[in-house]
Amino acid sequence: MSATTQTPTTPDTRTPSRAARLLGDRRLPVMATALLFLLMYVGALGRYQYYGFAEPQVFLNLFIDNGYLLVAAVGVTFVILSGGIDLSVGSMIGFTTMFTAWLVERQGLPIVVVIPMALAVGAFGGFLMGYVIHNFEIQPFIVTLAGLFLFRGLCLVISKESISIGDSTVSTMAQAQVSLGMGFLSIGAVVALVVLAVAFYVLHYTRFGRRVYAIGGNEQSAMLMGLPQGGTKIAVYTVSGFCSALAGLLFTLYIQSGDPLHATGMELDAIAAVVIGGTLLTGGSGYVLGTLFGVLVLGLIKSVIQFEGTLSSWWTKIATGVLLCAFILIQRFMTTRKKT
Amino acid sequence: MTTSSTTSSRWRGLTRHHLFWPVAVLVLLLLVNVPFTPDFFSVRMADGHLYGSLVSIVLFGSPLILVAVGMTLVIATGGIDLSVGAVVAITGALTCSYISDQADQGALSGVLLAMGLGLLAAVVCGLWNGFLVARMGIQPIIATLIIMVAGRGVAQLITDGQIITVNSEPYKLIGGGYWLTLPFSIFVVAVVVAVTVVLTRRTALGLLVESVGGNAEASRLVGIRSRRIKIMVYVFCALCAGIAGLMISSNTSAADGNNAGLWIELDAILAVVIGGTSLLGGRFSVGGTVVGALVIQTLTTTIYTIGVPTQTNLVFKAAVVIVVCLLQSPKFRAKVFGAAFGARFGAKGGAKPAAAAADTAAATEAAPKMEVS
């Protein structure tokens with residue numbers, strides 16, 4: 001909107017001031033989140049520097065401990081950018097841990113065979129939900145809610161008790177360290193960063209990515225432009241299902257067991273990370289890099305609470321809620337300013 | 001339609017009634033139980049209380065009915081309230097922690113004060129939701145997400161992460177006590193439902209709510225205070241959730257910030273959808289919602305009585321959700337049962353000739369791109 005008024009051919013006397021232009025910038029929420037993360041990190045650094053917070057490994061641990069959340073949140077970013085929502089993420093992660101643990105421990109399949117199977121199941125689950133959402137025009141909220149019930153139920157069908165994984169390949173993979181000079185990353189963290197990079201490329205440099213933004217921005221216009229709206233929608237949910245399954249695999253590596261109650265409510269964490277990362281829940285506006293910062297902020301809150309020692313776990317929820325609120329209000333003010 | 005006889009047109013009128021499908025599903029579910037427990041419908045008297053499967057379905061379903069009734073009005077304005085589960089937890093936590101601090105837990109005044117405090121907290125949550133949605137213009141699903149995420153943390157903060165148990169006779173009444181041979185909670189539910197129905201159908205309030213849900217801006221232009229209506233429905237929904245929270249914590253005599261009312265928002269939304277209220281807003285049916293909530297509770301009971309292993313409970317539920325939603329989707333009916341059937345059950349009101357309706361359905365099916373305009 002502001003781009004048209006600023007074209008050199010039509011000099012506008014009401015050229016927005018620098019501050020107004022800055023406020024209208026779509027990247028502002030992402031930068032705000034990044035700034036918030038930096039401030040929180042510096043603040044924590046000042047407070048806990050004698051407790052070893054300054055070690056680079058503490059920073060790298062943010063990726064190690066939240067790699068699975070990052071992957072899940074990247075999948076959710078696709079869905080939210082397209083204007084939908086996916087509530088089945090947490091159950092899908094729980095189901096994947098169960099599925100993997102069951103196949104590896106009870107059926108004796110090698111993990112190399114199980115990984116593609118789990119990913120295929122996740123992608124297929126996402127595809128099914130996308131298919132129903134597009135073809136029968138049922139709201140994504142309800143369809144993915146059914147998905148939430150279904151996958152949580154399937155966890156319990158596999159086994160009511162948790163299955164711990166004692167497989168040697170899995171534990172080798174889980175304990176593998178990728179050295180970075182000043183510290184190390186786990187395989188899960190590396191995979192998460194690769195997923196982030198791929199998602200960044202897909203969203204900003206491919207036709208599919210532009211379609212996701214277009215459909216989220218205005219579905220009717222996208223359809224009138226002749227974009228393959230149905231295919232894109234189904235693909236978005238497939239991507240989310242795939243990412244959830246991958247997040248489930250990383251979670252399995254991280255925790256080395258399958259449990260029917262793993263990752264309960266993680267869809268909320270993922271959605272919160274996406275929103276804190278500056279993506280509009282109405283779709284069409286946001287960056288996957290913002291999601292990275294959203295996940296890092298949530299992870300940092302968790303580590304601060306760990307370092308504080310006296311704070312209890314429920315402060316994580318309250319802090320997440322307060323941050324969520326703050327970012328929703330910031331976004332709200334920004335979008336109203338753009339309209340006027 | 002001209003060729004059809006009177007009986008078939010009466011049948012058609014019956015099947016078109018908005019309560020037909022929910023009630024049919026409920027009756028079907030109830031009948032499924034009979035082969036497994038022959039005395040399913042019998043209600044017997046013991047210790048001056050009525051016992052029986054039907055009574056327990058209503059008893060265990062009452063918190064869900066309450067939450068779902070509140071949710072119906074919110075959904076009718078085109079919104080959604082995800083925070084009800086957290087409100088249930090907060091109310092229970094606050095009330096129980098206040099009662100447990102009392103020297104005499106059985107004192108009626110203390111219990112009433114505690115319940116008042118809990119409900120006040122619920123109303124504050126509702127006001128906050130309403131403020132965000134109506135004043136700040138934030139999407140309801142996001143606005144209520146805040147309390148959904150933070151609320152459980154607050155509830156755990158109140159209870160200090162513990163499960164607070166209380167031992168109070170008067171408090172036990174609301175969720176687990178009996179009055180006039182029936183569980184007391186049934187009366188609470190009946191009063192709330194009756195008040196809601198009277199307020200929305202005997203006054204213009206229901207119409208105002210529906211008009212706000214249909215088009216908030218247009219309603220505002222014709223002079224309806226749509227913002228005030230919206231705030232009101234969120235407060236009402238939170239209040240219903242608060243009462244449900246009292247019931248749940250009273251029934252177990254304990255407040256569990258982590259698990260009280262877990263996923264009740266999803267069940268409540270499901271009940272509303274099964275009851276035939278469109279998630280898009282603009283029309284609602286409180287009766288349908290009550291039936292929908294009973295369907296969900298009966299489904300749970302049925303799963304136990306017919307001996308489905310409890311672990312497949314959720315899969316079963318997912319299957320029912322999918323089937324109900326697919327049946328409600330006009331596009332699905334048109335695709336699966338053919339255009340004529342889809343149009344017959346999809347068209348609202350009998351004024352349209354069946355042939356014309358079938359034609360439009362066929363046209364939309366043949367050229368889905370035309371729907372945009």
# chains A, B, ... in the order shown; residues from 1 in each chain; ligands from 1
>>> residues_around(residues="Tyr254 in chain A", least_positions_apart="5", cutoff="8 Å", atoms="only C-alpha atoms", output="PDB file with N, CA and C atoms, in the first residue's frame")
ATOM      1  N   ASP A  65      17.819 -27.978  22.978  1.00  0.00           N
ATOM      2  CA  ASP A  65      16.636 -28.284  23.778  1.00  0.00           C
ATOM      3  C   ASP A  65      15.337 -27.938  23.074  1.00  0.00           C
ATOM      4  N   ALA A 174      21.541 -40.077  19.304  1.00  0.00           N
ATOM      5  CA  ALA A 174      21.107 -39.070  20.270  1.00  0.00           C
ATOM      6  C   ALA A 174      22.293 -38.391  20.928  1.00  0.00           C
ATOM      7  N   GLY A 188      19.809 -33.379  16.345  1.00  0.00           N
ATOM      8  CA  GLY A 188      18.472 -32.783  16.285  1.00  0.00           C
ATOM      9  C   GLY A 188      18.538 -31.306  15.977  1.00  0.00           C
TER      10      GLY A 188
END
>>> interface_residues(of="chain A", to="chain B", cutoff="6 Å", atoms="only C-alpha atoms", output="list in words")
Phe136, Ala146, Phe149, Leu150, Gly153, Leu156, Val157, Trp314, Lys317, Ile318 and Gly321 of chain A
>>> write_last_selection(atoms="N, CA, C and O atoms", output="CSV table (one decimal), in the first residue's frame")
chain,number,residue,atom,x,y,z
A,136,PHE,N,-14.1,-30.6,1.3
A,136,PHE,CA,-15.5,-30.6,1.9
A,136,PHE,C,-15.7,-29.3,2.6
A,136,PHE,O,-16.8,-29.1,3.2
A,146,ALA,N,-10.2,-32.9,15.0
A,146,ALA,CA,-10.4,-34.3,14.9
A,146,ALA,C,-9.0,-35.0,14.7
A,146,ALA,O,-8.9,-36.1,15.3
A,149,PHE,N,-7.5,-35.5,18.2
A,149,PHE,CA,-8.1,-36.7,18.9
A,149,PHE,C,-7.6,-38.0,18.3
A,149,PHE,O,-7.2,-38.9,19.0
A,150,LEU,N,-7.6,-38.0,17.0
A,150,LEU,CA,-7.3,-39.3,16.3
A,150,LEU,C,-5.9,-39.7,16.6
A,150,LEU,O,-5.6,-40.9,17.0
A,153,GLY,N,-5.4,-40.7,20.2
A,153,GLY,CA,-6.0,-42.0,20.4
A,153,GLY,C,-5.2,-43.1,19.8
A,153,GLY,O,-5.0,-44.1,20.5
A,156,LEU,N,-2.5,-44.2,22.1
A,156,LEU,CA,-3.0,-45.1,23.2
A,156,LEU,C,-3.3,-46.5,22.7
A,156,LEU,O,-3.2,-47.5,23.4
A,157,VAL,N,-3.7,-46.5,21.4
A,157,VAL,CA,-4.0,-47.9,20.8
A,157,VAL,C,-2.7,-48.7,20.7
A,157,VAL,O,-2.6,-49.9,20.9
A,314,TRP,N,5.3,-23.1,36.2
A,314,TRP,CA,4.1,-22.5,35.6
A,314,TRP,C,4.4,-21.1,35.2
A,314,TRP,O,3.6,-20.5,34.4
A,317,LYS,N,4.4,-20.7,31.5
A,317,LYS,CA,3.1,-20.5,30.8
A,317,LYS,C,2.6,-19.1,30.9
A,317,LYS,O,2.2,-18.5,29.9
A,318,ILE,N,2.8,-18.5,32.1
A,318,ILE,CA,2.3,-17.1,32.3
A,318,ILE,C,3.2,-16.2,31.4
A,318,ILE,O,2.6,-15.3,30.8
A,321,GLY,N,2.1,-16.5,27.9
A,321,GLY,CA,0.9,-15.8,27.7
A,321,GLY,C,1.0,-14.3,27.6
A,321,GLY,O,0.5,-13.6,26.7
>>> closest_residue(among="B:Thr301, B:Thr200, B:Ser249, B:Ser62", to="Thr91 in chain B", atoms="only C-alpha atoms")
B:Ser249
>>> select_by_dssp(residues="range 77-182 of chain B", states="strand (DSSP E or B)", output="number ranges by chain")
B: 163-165, 178-179, 182
>>> write_last_selection(atoms="N, CA and C atoms", output="mmCIF file, in the first residue's frame")
data_model
loop_
_atom_site.group_PDB
_atom_site.id
_atom_site.type_symbol
_atom_site.label_atom_id
_atom_site.label_comp_id
_atom_site.auth_asym_id
_atom_site.auth_seq_id
_atom_site.Cartn_x
_atom_site.Cartn_y
_atom_site.Cartn_z
ATOM 1 N N ILE B 163 -2.317 -30.074 44.273
ATOM 2 C CA ILE B 163 -3.748 -30.335 44.150
ATOM 3 C C ILE B 163 -4.356 -30.035 45.513
ATOM 4 N N ILE B 164 -5.167 -28.980 45.567
ATOM 5 C CA ILE B 164 -5.746 -28.578 46.858
ATOM 6 C C ILE B 164 -7.017 -29.380 47.096
ATOM 7 N N THR B 165 -7.094 -30.062 48.243
ATOM 8 C CA THR B 165 -8.321 -30.784 48.555
ATOM 9 C C THR B 165 -9.089 -30.018 49.623
ATOM 10 N N TYR B 178 -27.132 -34.062 46.236
ATOM 11 C CA TYR B 178 -28.454 -34.405 45.708
ATOM 12 C C TYR B 178 -29.496 -33.469 46.305
ATOM 13 N N TRP B 179 -30.517 -33.194 45.551
ATOM 14 C CA TRP B 179 -31.598 -32.343 46.008
ATOM 15 C C TRP B 179 -32.861 -32.851 45.346
ATOM 16 N N LEU B 182 -32.626 -35.787 42.951
ATOM 17 C CA LEU B 182 -31.816 -35.678 41.738
ATOM 18 C C LEU B 182 -30.500 -34.985 42.067
#
>>> closest_residue(among="B:Thr95, B:Trp128, B:Gly261, B:Ser185", to="Cys325 in chain A", atoms="only C-alpha atoms")
B:Trp128
>>> closest_residue(among="A:Ala263, A:Ile142, A:Val275, A:Ala245", to="Pro116 in chain A", atoms="only C-alpha atoms")
A:Ala245
>>> decode(residues="range 118-129 of chain B", atoms="N, CA and C atoms", output="PDB file, in the first residue's frame")
ATOM      1  N   GLY B 118     -14.497 -16.969  43.008  1.00  0.00           N
ATOM      2  CA  GLY B 118     -14.167 -17.766  41.826  1.00  0.00           C
ATOM      3  C   GLY B 118     -14.897 -17.261  40.602  1.00  0.00           C
ATOM      4  N   LEU B 119     -16.212 -16.988  40.777  1.00  0.00           N
ATOM      5  CA  LEU B 119     -16.999 -16.526  39.637  1.00  0.00           C
ATOM      6  C   LEU B 119     -16.556 -15.136  39.209  1.00  0.00           C
ATOM      7  N   LEU B 120     -16.135 -14.318  40.183  1.00  0.00           N
ATOM      8  CA  LEU B 120     -15.639 -12.982  39.846  1.00  0.00           C
ATOM      9  C   LEU B 120     -14.400 -13.096  38.953  1.00  0.00           C
ATOM     10  N   ALA B 121     -13.512 -14.027  39.325  1.00  0.00           N
ATOM     11  CA  ALA B 121     -12.313 -14.234  38.500  1.00  0.00           C
ATOM     12  C   ALA B 121     -12.711 -14.644  37.091  1.00  0.00           C
ATOM     13  N   ALA B 122     -13.743 -15.504  36.996  1.00  0.00           N
ATOM     14  CA  ALA B 122     -14.207 -15.942  35.676  1.00  0.00           C
ATOM     15  C   ALA B 122     -14.721 -14.750  34.879  1.00  0.00           C
ATOM     16  N   VAL B 123     -15.497 -13.873  35.552  1.00  0.00           N
ATOM     17  CA  VAL B 123     -16.052 -12.713  34.858  1.00  0.00           C
ATOM     18  C   VAL B 123     -14.929 -11.802  34.376  1.00  0.00           C
ATOM     19  N   VAL B 124     -13.881 -11.655  35.207  1.00  0.00           N
ATOM     20  CA  VAL B 124     -12.746 -10.818  34.800  1.00  0.00           C
ATOM     21  C   VAL B 124     -12.100 -11.394  33.537  1.00  0.00           C
ATOM     22  N   CYS B 125     -11.932 -12.721  33.506  1.00  0.00           N
ATOM     23  CA  CYS B 125     -11.384 -13.361  32.302  1.00  0.00           C
ATOM     24  C   CYS B 125     -12.272 -13.065  31.096  1.00  0.00           C
ATOM     25  N   GLY B 126     -13.592 -13.176  31.300  1.00  0.00           N
ATOM     26  CA  GLY B 126     -14.522 -12.917  30.205  1.00  0.00           C
ATOM     27  C   GLY B 126     -14.430 -11.479  29.723  1.00  0.00           C
ATOM     28  N   LEU B 127     -14.333 -10.532  30.685  1.00  0.00           N
ATOM     29  CA  LEU B 127     -14.218  -9.120  30.317  1.00  0.00           C
ATOM     30  C   LEU B 127     -12.956  -8.886  29.498  1.00  0.00           C
ATOM     31  N   TRP B 128     -11.878  -9.510  29.906  1.00  0.00           N
ATOM     32  CA  TRP B 128     -10.605  -9.365  29.194  1.00  0.00           C
ATOM     33  C   TRP B 128     -10.733  -9.879  27.762  1.00  0.00           C
ATOM     34  N   ASN B 129     -11.328 -11.078  27.619  1.00  0.00           N
ATOM     35  CA  ASN B 129     -11.545 -11.629  26.280  1.00  0.00           C
ATOM     36  C   ASN B 129     -12.407 -10.692  25.449  1.00  0.00           C
TER      37      ASN B 129
END
